[in-house]
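> Have a look at the structure that comes next, please.
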Amino acid sequence: MSMRIKKGDKVLVTTGKDKGTSGRVLLVDVERDRVLVEGVNVVKRHQSARKFGESAIVEKEAPIHLSNVMIEDPKDGGPTRVRVGVDKDGKKVRIAAKSGVVISD
């Protein structure tokens with residue numbers, strides 16, 4: 001499941017409080033099946049003065065489960081599943097199942 005979404009992909013959130021929003025994948029955690037998406041699932045964390053010099057409340061993205069995101073179709077911008085195919089050179093490529101367009105790496 002995690003091989004179909006990679007760092008830098010544009011994804012859409014399908015469930016949860018941020019449903020319908022899109023963003024770029026910043027990090028993929030293969031072991032926990034989670035992704036960190038830019039601008040999605042933003043939480044507030046308290047930063048201690050002892051560690052960082054000044055105390056503050058910092059907003060940052062928290063990871064969400066892979067099942068809650070889908071890759072954005074390069075053709076129409078909607079959510080799509082990902083198929084794995086072979087190109088002319090015999091290399092494996094990711095293909096948007098909705099439109100059949102190759103997803104760039």
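Here's how to read the names in the structure tokens: chain A, B, ... by the order shown, residue numbers from 1 in each chain, ligand numbers from 1 in the order shown.
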Taking the DSSP assignment computed from this structure's backbone, write out as a PyMOL selection string all residues of segment 17-92 of chain A that belong to strand (DSSP E or B).

chain A and resi 22-29+34-37+42-47+56-61+64-65+69-72+79-80+82-86+92

> Next, dump the selected residues to file, keeping only N, CA and C atoms, as a tab-separated table (two decimals), in the first residue's frame.


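The result, stored in again.tsv:
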chain	number	residue	atom	x	y	z
A	22	SER	N	-6.28	19.14	-0.28
A	22	SER	CA	-5.18	18.47	-0.97
A	22	SER	C	-3.86	19.09	-0.54
A	23	GLY	N	-2.80	18.36	-0.77
A	23	GLY	CA	-1.47	18.85	-0.43
A	23	GLY	C	-0.41	17.88	-0.89
A	24	ARG	N	0.84	18.29	-0.76
A	24	ARG	CA	1.97	17.45	-1.16
A	24	ARG	C	2.41	16.56	0.01
A	25	VAL	N	2.84	15.36	-0.31
A	25	VAL	CA	3.32	14.43	0.69
A	25	VAL	C	4.74	14.85	1.09
A	26	LEU	N	4.95	15.08	2.38
A	26	LEU	CA	6.25	15.47	2.89
A	26	LEU	C	7.07	14.28	3.38
A	27	LEU	N	6.37	13.24	3.87
A	27	LEU	CA	7.05	12.10	4.46
A	27	LEU	C	6.15	10.88	4.37
A	28	VAL	N	6.73	9.72	4.07
A	28	VAL	CA	5.98	8.46	4.06
A	28	VAL	C	6.61	7.55	5.11
A	29	ASP	N	5.80	7.12	6.09
A	29	ASP	CA	6.26	6.20	7.12
A	29	ASP	C	5.75	4.80	6.75
A	34	ARG	N	1.67	5.50	7.43
A	34	ARG	CA	1.20	6.87	7.61
A	34	ARG	C	1.95	7.82	6.68
A	35	VAL	N	1.29	8.93	6.36
A	35	VAL	CA	1.91	9.97	5.53
A	35	VAL	C	1.76	11.32	6.20
A	36	LEU	N	2.70	12.20	5.93
A	36	LEU	CA	2.66	13.57	6.43
A	36	LEU	C	2.36	14.44	5.23
A	37	VAL	N	1.21	15.12	5.25
A	37	VAL	CA	0.76	15.92	4.12
A	37	VAL	C	0.81	17.39	4.49
A	42	VAL	N	-3.28	19.73	10.87
A	42	VAL	CA	-2.42	20.65	11.61
A	42	VAL	C	-2.83	20.62	13.09
A	43	VAL	N	-1.85	20.38	13.95
A	43	VAL	CA	-2.08	20.32	15.40
A	43	VAL	C	-1.19	21.34	16.09
A	44	LYS	N	-1.57	21.71	17.31
A	44	LYS	CA	-0.77	22.65	18.10
A	44	LYS	C	0.04	21.87	19.13
A	45	ARG	N	1.31	22.20	19.24
A	45	ARG	CA	2.21	21.57	20.19
A	45	ARG	C	2.87	22.65	21.05
A	46	HIS	N	2.98	22.41	22.33
A	46	HIS	CA	3.63	23.34	23.23
A	46	HIS	C	5.13	23.07	23.23
A	47	GLN	N	5.89	24.13	23.01
A	47	GLN	CA	7.34	24.03	22.93
A	47	GLN	C	7.94	24.56	24.23
A	56	ALA	N	6.71	28.50	23.29
A	56	ALA	CA	5.72	28.93	22.30
A	56	ALA	C	4.77	27.78	22.01
A	57	ILE	N	3.67	28.12	21.36
A	57	ILE	CA	2.75	27.12	20.86
A	57	ILE	C	2.97	27.04	19.36
A	58	VAL	N	3.41	25.89	18.89
A	58	VAL	CA	3.80	25.71	17.49
A	58	VAL	C	2.74	24.88	16.77
A	59	GLU	N	2.37	25.30	15.57
A	59	GLU	CA	1.45	24.52	14.75
A	59	GLU	C	2.26	23.72	13.74
A	60	LYS	N	1.99	22.41	13.67
A	60	LYS	CA	2.69	21.58	12.70
A	60	LYS	C	1.77	20.45	12.25
A	61	GLU	N	2.14	19.83	11.12
A	61	GLU	CA	1.34	18.75	10.57
A	61	GLU	C	1.59	17.46	11.34
A	64	ILE	N	-1.16	11.19	8.98
A	64	ILE	CA	-2.47	10.55	8.85
A	64	ILE	C	-2.29	9.21	8.16
A	65	HIS	N	-3.25	8.34	8.32
A	65	HIS	CA	-3.14	6.99	7.78
A	65	HIS	C	-3.25	7.00	6.26
A	69	VAL	N	-6.03	8.88	2.36
A	69	VAL	CA	-5.62	9.75	1.25
A	69	VAL	C	-5.63	8.97	-0.06
A	70	MET	N	-5.85	9.70	-1.16
A	70	MET	CA	-5.76	9.13	-2.50
A	70	MET	C	-4.97	10.09	-3.38
A	71	ILE	N	-4.25	9.53	-4.32
A	71	ILE	CA	-3.46	10.36	-5.23
A	71	ILE	C	-4.40	11.17	-6.12
A	72	GLU	N	-3.99	12.41	-6.37
A	72	GLU	CA	-4.76	13.31	-7.24
A	72	GLU	C	-4.47	12.96	-8.69
A	79	PRO	N	-9.70	12.39	-7.13
A	79	PRO	CA	-9.00	11.26	-6.52
A	79	PRO	C	-8.98	10.06	-7.46
A	80	THR	N	-7.89	9.31	-7.43
A	80	THR	CA	-7.76	8.13	-8.28
A	80	THR	C	-6.98	7.05	-7.57
A	82	VAL	N	-4.22	3.82	-7.92
A	82	VAL	CA	-2.95	3.72	-8.64
A	82	VAL	C	-2.74	2.28	-9.09
A	83	ARG	N	-2.45	2.12	-10.37
A	83	ARG	CA	-2.07	0.82	-10.91
A	83	ARG	C	-0.58	0.84	-11.20
A	84	VAL	N	0.00	-0.33	-11.26
A	84	VAL	CA	1.41	-0.43	-11.62
A	84	VAL	C	1.47	-1.08	-12.99
A	85	GLY	N	2.16	-0.43	-13.91
A	85	GLY	CA	2.31	-0.94	-15.27
A	85	GLY	C	3.76	-0.92	-15.69
A	86	VAL	N	4.00	-1.29	-16.93
A	86	VAL	CA	5.34	-1.33	-17.48
A	86	VAL	C	5.39	-0.39	-18.68
A	92	LYS	N	8.98	-0.34	-14.32
A	92	LYS	CA	7.68	-0.22	-13.67
A	92	LYS	C	7.32	1.25	-13.51

> Residues near segment 31-33 of chain A, anyone? I mean within 12 Å using only C-alpha atoms, not counting same-chain ones fewer than 6 positions away, as an NGL selection string.

:A and (1-6 or 63-69)

> Any chance you could export the current selection's N, CA and C atoms as a tab-separated table (two decimals), in the first residue's frame?


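Result file follows (again-v5.tsv):
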chain	number	residue	atom	x	y	z
A	1	MET	N	0.83	-1.20	0.00
A	1	MET	CA	0.00	0.00	0.00
A	1	MET	C	0.87	1.26	0.00
A	2	SER	N	1.94	1.24	0.76
A	2	SER	CA	2.75	2.44	0.88
A	2	SER	C	3.60	2.70	-0.36
A	3	MET	N	3.82	1.70	-1.19
A	3	MET	CA	4.63	1.89	-2.39
A	3	MET	C	3.90	2.73	-3.43
A	4	ARG	N	2.61	2.83	-3.34
A	4	ARG	CA	1.84	3.56	-4.35
A	4	ARG	C	1.81	5.06	-4.11
A	5	ILE	N	2.13	5.48	-2.89
A	5	ILE	CA	2.22	6.90	-2.58
A	5	ILE	C	3.65	7.20	-2.19
A	6	LYS	N	4.23	8.22	-2.82
A	6	LYS	CA	5.62	8.56	-2.56
A	6	LYS	C	5.74	10.01	-2.14
A	63	PRO	N	0.95	13.15	11.19
A	63	PRO	CA	0.74	12.13	10.16
A	63	PRO	C	-0.69	11.60	10.16
A	64	ILE	N	-1.16	11.19	8.98
A	64	ILE	CA	-2.47	10.55	8.85
A	64	ILE	C	-2.29	9.21	8.16
A	65	HIS	N	-3.25	8.34	8.32
A	65	HIS	CA	-3.14	6.99	7.78
A	65	HIS	C	-3.25	7.00	6.26
A	66	LEU	N	-2.53	6.08	5.62
A	66	LEU	CA	-2.52	5.98	4.16
A	66	LEU	C	-3.91	5.74	3.58
A	67	SER	N	-4.76	5.05	4.31
A	67	SER	CA	-6.08	4.73	3.79
A	67	SER	C	-6.97	5.96	3.70
A	68	ASN	N	-6.56	7.07	4.33
A	68	ASN	CA	-7.37	8.29	4.31
A	68	ASN	C	-6.97	9.26	3.22
A	69	VAL	N	-6.03	8.88	2.36
A	69	VAL	CA	-5.62	9.75	1.25
A	69	VAL	C	-5.63	8.97	-0.06

> Work out how far apart atom CA of Val40 of chain A and atom CA of Gly53 of chain A are and give it in Å to one decimal.

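Computing the Euclidean distance for atom CA of Val40 of chain A and atom CA of Gly53 of chain A yields 27.6 Å.
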
> Please return, as a PyMOL selection string, all residues of chain A that DSSP assigns to alpha helix (DSSP H) on the basis of the backbone.

chain A and resi 49-52

> Write a file of the just-selected residues containing C-alpha atoms, as a PDB file, in the first residue's frame.


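Written out: out-v3.pdb:
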ATOM      1  CA  ALA A  49      11.665  27.073  26.863  1.00  0.00           C
ATOM      2  CA  ARG A  50      14.338  24.812  28.292  1.00  0.00           C
ATOM      3  CA  LYS A  51      14.952  22.990  25.017  1.00  0.00           C
ATOM      4  CA  PHE A  52      14.372  25.705  22.418  1.00  0.00           C
TER       5      PHE A  52
END

> By how many Å are atom CA of Glu38 of chain A and atom CA of Ile95 of chain A apart?

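Distance reported for this atom pair: 23.0 Å.
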
> Would you mind telling me which residue in A:Gly8, A:Lys88, A:Gly39, A:Asp73 lies nearest to Gly100 of chain A when using only C-alpha atoms?

A:Asp73

> If you measure from atom CA of Ser104 of chain A to atom CA of Thr15 of chain A, what distance in Å do you get, rounded to one decimal?

25.0 Å

> Write out as a list in words the residues lying within 8 Å of Pro74 of chain A, counting only C-alpha atoms and excluding same-chain residues fewer than 3 positions away.

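With the cut-off at 8 Å, the set is Gly77, Ala96, Val101 and Ile103 of chain A.
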
> Which residue gives the smallest distance to Gly78 of chain A among A:Leu12, A:Val102, A:Val30, A:Val93, with only C-alpha atoms counted?

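Once distances to Gly78 of chain A are computed over only C-alpha atoms, the minimum belongs to A:Leu12.
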
> Given only C-alpha atoms as the basis, pick out the residue of A:Asp9, A:Glu54, A:Asp18, A:Asp76 nearest to Ser99 of chain A.

A:Asp76
